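To start, the structure under review is shown below, and the notes come after it.
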Amino acid sequence: MPYCPHCHVEYQSGASECIDCLIPLVAGTPQFCPNCKEFVQENDTFCDNCGVILPREEESDSPECENHPDADAIGGCVICGKPVCEGCSTRHNGRIFCENDDHLNMHQGFVVAYTTSTDYEAEMIKANLEGAGINAVIFNQHDHVYFLNMGVLAHVNVMVPRSQMEEARDVITALLNEEGLEEEAEGGEADT
Ligand SMILES: [Zn+2]
Ligand SMILES: [Zn+2]
Ligand SMILES: [Zn+2]
Ligand SMILES: [Zn+2]
């Protein structure tokens with residue numbers, strides 16, 4: 001059934017536009033995290049919002065802790081995406097963080113301004129944000145062994161201080177309109 005990529009409401013087949021958001025529907029079934037009930041992308045390994053491992057349709061190896069290859073990961077850090085086991089993880093407000101305390105602190109002060117699957121696009125966005133005086137930071141799941149080995153979809157998140165989010169959104173929107181980046185990201189292959 002087609003669904004709206006913005007509000008995630010499902011429509012009867014044949015419908016082409018969300019009546020609330022007035023944007024084109026996308027094919028498939030919206031997926032929600034069993035833990036926090038937030039919308040998640042199909043084929044994601046971890047929930048972007050809370051970090052738990054998402055159930056997958058096909059059988060696939062479950063991720064291991066990046067620090068302990070013998071231990072199964074219980075989820076991925078919501079900041080850097082690193083797969084961590086129970087002992088290596090910290091939970092805060094129902095979210096999973098890795099052992100790096102900076103990431104827990106960052107969660108309070110930083111927000112995701114843009115998500116892509118290509119390093120190139122993330123670097124480009126970061127450069128433009130910095131040009132506008134915004135302190136942008138990149139977190140790349142490609143840095144983690146699990147994502148490299150499995151060849152699964154990895155995210156590159158560009159994060160900015162919460163206080164600069166509005167500004168950042170304007171910069172990114174202007175950039176996307178200018179360069180038609182969105183289409184390029186669809187067809188582009190992730191850098192290896
Ligand atoms: Zn909608
Ligand atoms: Zn979740
Ligand atoms: Zn982390
Ligand atoms: Zn561990």
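Chain labels run A, B, ... following the order of the structure tokens; each chain numbers its residues from 1, and ligands are numbered from 1 in the order shown.
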
Item to check | Selection within 12 Å of ligand 2 by only C-alpha atoms and all ligand atoms, output as JSON, numbers by chain | outcome: {"A": [31, 32, 33, 34, 35, 36, 37, 38, 39, 40, 41, 44, 45, 46, 47, 48, 49, 50, 51, 52, 53, 54, 55, 75, 76, 77, 78, 93, 94, 95, 96]}

Next on the checklist: Which residues are near ligand 3 in this structure, taking near to mean any atom at most 8 Å from a ligand atom and counting only C-alpha atoms and all ligand atoms? Format them as an NGL selection string.
Outcome noted: :A and (76-82 or 97-100 or 102-104)

Checklist entry - Within 12 Å of ligand 1, counting only C-alpha atoms and all ligand atoms, which protein or nucleic acid residues do you find, written as a VMD selection string? => result chain A and resid 2 to 11 16 to 26 30

Those same residues - N, CA and C atoms - I'd like them written as a short mmCIF file (atom, residue, chain, number, x, y, z; two decimals), in the first residue's frame.
```cif
data_model
loop_
_atom_site.label_atom_id
_atom_site.label_comp_id
_atom_site.auth_asym_id
_atom_site.auth_seq_id
_atom_site.Cartn_x
_atom_site.Cartn_y
_atom_site.Cartn_z
N PRO A 2 0.53 2.22 -0.83
CA PRO A 2 1.33 3.45 -0.81
C PRO A 2 1.13 4.21 0.50
N TYR A 3 2.13 4.93 0.91
CA TYR A 3 2.00 5.73 2.13
C TYR A 3 2.71 7.06 1.97
N CYS A 4 2.36 7.97 2.86
CA CYS A 4 2.94 9.31 2.81
C CYS A 4 4.28 9.29 3.55
N PRO A 5 5.36 9.72 2.89
CA PRO A 5 6.67 9.70 3.55
C PRO A 5 6.78 10.74 4.66
N HIS A 6 5.82 11.64 4.74
CA HIS A 6 5.88 12.67 5.78
C HIS A 6 5.07 12.29 7.01
N CYS A 7 3.77 12.00 6.83
CA CYS A 7 2.93 11.71 8.01
C CYS A 7 2.74 10.21 8.22
N HIS A 8 3.21 9.37 7.23
CA HIS A 8 3.22 7.92 7.35
C HIS A 8 1.84 7.27 7.37
N VAL A 9 0.84 7.99 6.88
CA VAL A 9 -0.49 7.40 6.75
C VAL A 9 -0.53 6.54 5.49
N GLU A 10 -1.18 5.36 5.61
CA GLU A 10 -1.30 4.48 4.45
C GLU A 10 -2.54 4.81 3.63
N TYR A 11 -2.43 4.66 2.32
CA TYR A 11 -3.55 4.91 1.42
C TYR A 11 -3.91 3.66 0.63
N SER A 16 -2.32 8.70 -5.13
CA SER A 16 -0.98 9.14 -5.51
C SER A 16 -0.46 10.29 -4.66
N GLU A 17 -1.35 10.92 -3.89
CA GLU A 17 -0.91 12.08 -3.13
C GLU A 17 -1.55 12.07 -1.74
N CYS A 18 -0.79 12.49 -0.73
CA CYS A 18 -1.34 12.57 0.63
C CYS A 18 -2.30 13.76 0.70
N ILE A 19 -3.51 13.51 1.17
CA ILE A 19 -4.49 14.60 1.19
C ILE A 19 -4.18 15.63 2.27
N ASP A 20 -3.37 15.26 3.25
CA ASP A 20 -3.00 16.23 4.29
C ASP A 20 -1.73 17.00 3.92
N CYS A 21 -0.73 16.27 3.42
CA CYS A 21 0.58 16.89 3.20
C CYS A 21 0.76 17.36 1.75
N LEU A 22 -0.13 16.91 0.86
CA LEU A 22 -0.07 17.30 -0.54
C LEU A 22 1.28 16.96 -1.18
N ILE A 23 1.82 15.81 -0.81
CA ILE A 23 3.07 15.37 -1.43
C ILE A 23 2.85 13.96 -1.99
N PRO A 24 3.66 13.56 -2.98
CA PRO A 24 3.48 12.23 -3.59
C PRO A 24 3.69 11.11 -2.58
N LEU A 25 2.88 10.05 -2.71
CA LEU A 25 3.03 8.88 -1.84
C LEU A 25 4.18 8.01 -2.34
N VAL A 26 4.71 7.18 -1.45
CA VAL A 26 5.74 6.24 -1.87
C VAL A 26 5.21 4.82 -1.69
N PRO A 30 4.79 1.39 5.55
CA PRO A 30 5.61 2.11 6.53
C PRO A 30 6.00 1.18 7.67
#
```

Next on the checklist: Neighbours of ligand 4 at 6 Å or closer, counting only C-alpha atoms and all ligand atoms: which residues, as a PyMOL selection string?
Outcome noted: chain A and resi 65+67-68+84-85+87-88

Next on the checklist: Rounded to one decimal, what separation in Å do you get between CA of Asn157 (chain A) and CA of Thr116 (chain A)?
Outcome noted: 6.6 Å

Checklist entry - What residues in chain A get the DSSP label helix (DSSP H, G or I)? Please answer as a PyMOL selection string. => result chain A and resi 101-109+119-131+141-143+145-150+162-179+181-187

Checklist outcome for this item: Using only C-alpha atoms, the shortest atom-to-atom distance to Tyr120 (chain A) among A:Leu148, A:Ala132, A:Met106, A:Val158 belongs to A:Val158

Next on the checklist: What's around Tyr114 (chain A) at 12 Å? Count only C-alpha atoms, leave out sequence neighbours fewer than 4 positions away in its own chain, and write the answer as a PyMOL selection string.
Outcome noted: chain A and resi 118+121-126+129+136-140+155-160+165+168-173+175-176+182

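One distance worth recording is that between CA of Val145 (chain A) and CA of Ser89 (chain A), which is 17.1 Å.
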
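Nearest residue to Gly109 (chain A), choosing from A:Asn135, A:Ala127, A:Pro83, A:Ser13 and counting only C-alpha atoms: A:Asn135.
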
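Ranking A:Asn43, A:Gly14, A:Asp72, A:Glu64 by their shortest atom-to-atom distance to His144 (chain A), with only C-alpha atoms included, puts A:Glu64 first.
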
Checklist entry - Which of chain A counts as strand (DSSP E or B) under DSSP, as a VMD selection string please? => result chain A and resid 3 10 13 15 17 24 26 31 to 32 39 to 40 46 52 to 53 64 72 75 to 76 83 to 84 90 to 92 95 to 97 110 to 116 137 to 140 156 to 161

Preceding selection exported with C-alpha atoms as a compact mmCIF listing (two decimals), in the first residue's frame:
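Final output, saved to out_11.txt:
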```
# COMPACT_ATOMS: atom_id res chain seq x y z
CA TYR A 3 2.00 5.73 2.13
CA GLU A 10 -1.30 4.48 4.45
CA SER A 13 -3.60 1.48 -3.90
CA ALA A 15 -3.93 6.98 -4.52
CA GLU A 17 -0.91 12.08 -3.13
CA PRO A 24 3.48 12.23 -3.59
CA VAL A 26 5.74 6.24 -1.87
CA GLN A 31 7.72 0.45 9.25
CA PHE A 32 7.68 1.48 12.87
CA PHE A 39 8.83 5.62 11.84
CA VAL A 40 11.93 3.81 10.56
CA PHE A 46 18.92 0.19 14.17
CA VAL A 52 17.30 -0.79 19.25
CA ILE A 53 17.91 -3.49 16.64
CA GLU A 64 28.04 -7.83 17.11
CA ASP A 72 25.78 -9.68 20.26
CA GLY A 75 21.56 -1.86 19.55
CA GLY A 76 23.44 1.04 18.02
CA PRO A 83 26.89 -1.38 17.47
CA VAL A 84 27.27 -2.03 21.23
CA THR A 90 24.41 3.39 28.25
CA ARG A 91 20.68 3.96 28.22
CA HIS A 92 19.28 7.39 28.72
CA ARG A 95 17.80 5.63 24.01
CA ILE A 96 20.99 3.65 23.48
CA PHE A 97 24.40 5.32 23.52
CA PHE A 110 22.80 18.54 19.07
CA VAL A 111 20.14 17.54 16.57
CA VAL A 112 20.30 15.75 13.24
CA ALA A 113 20.00 18.36 10.50
CA TYR A 114 20.45 16.04 7.54
CA THR A 115 20.75 12.32 6.83
CA THR A 116 22.22 10.84 3.69
CA VAL A 137 29.54 17.60 12.91
CA ILE A 138 29.35 14.42 10.83
CA PHE A 139 28.58 10.97 12.27
CA ASN A 140 29.18 8.20 9.85
CA VAL A 156 25.67 9.59 7.49
CA ASN A 157 24.14 12.15 9.85
CA VAL A 158 25.05 15.80 9.81
CA MET A 159 24.38 17.20 13.28
CA VAL A 160 24.20 20.81 14.38
CA PRO A 161 23.75 22.56 17.76
```

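The two atoms in question, CA of Asn149 (chain A) and CA of Ile74 (chain A), are spaced 18.2 Å apart.
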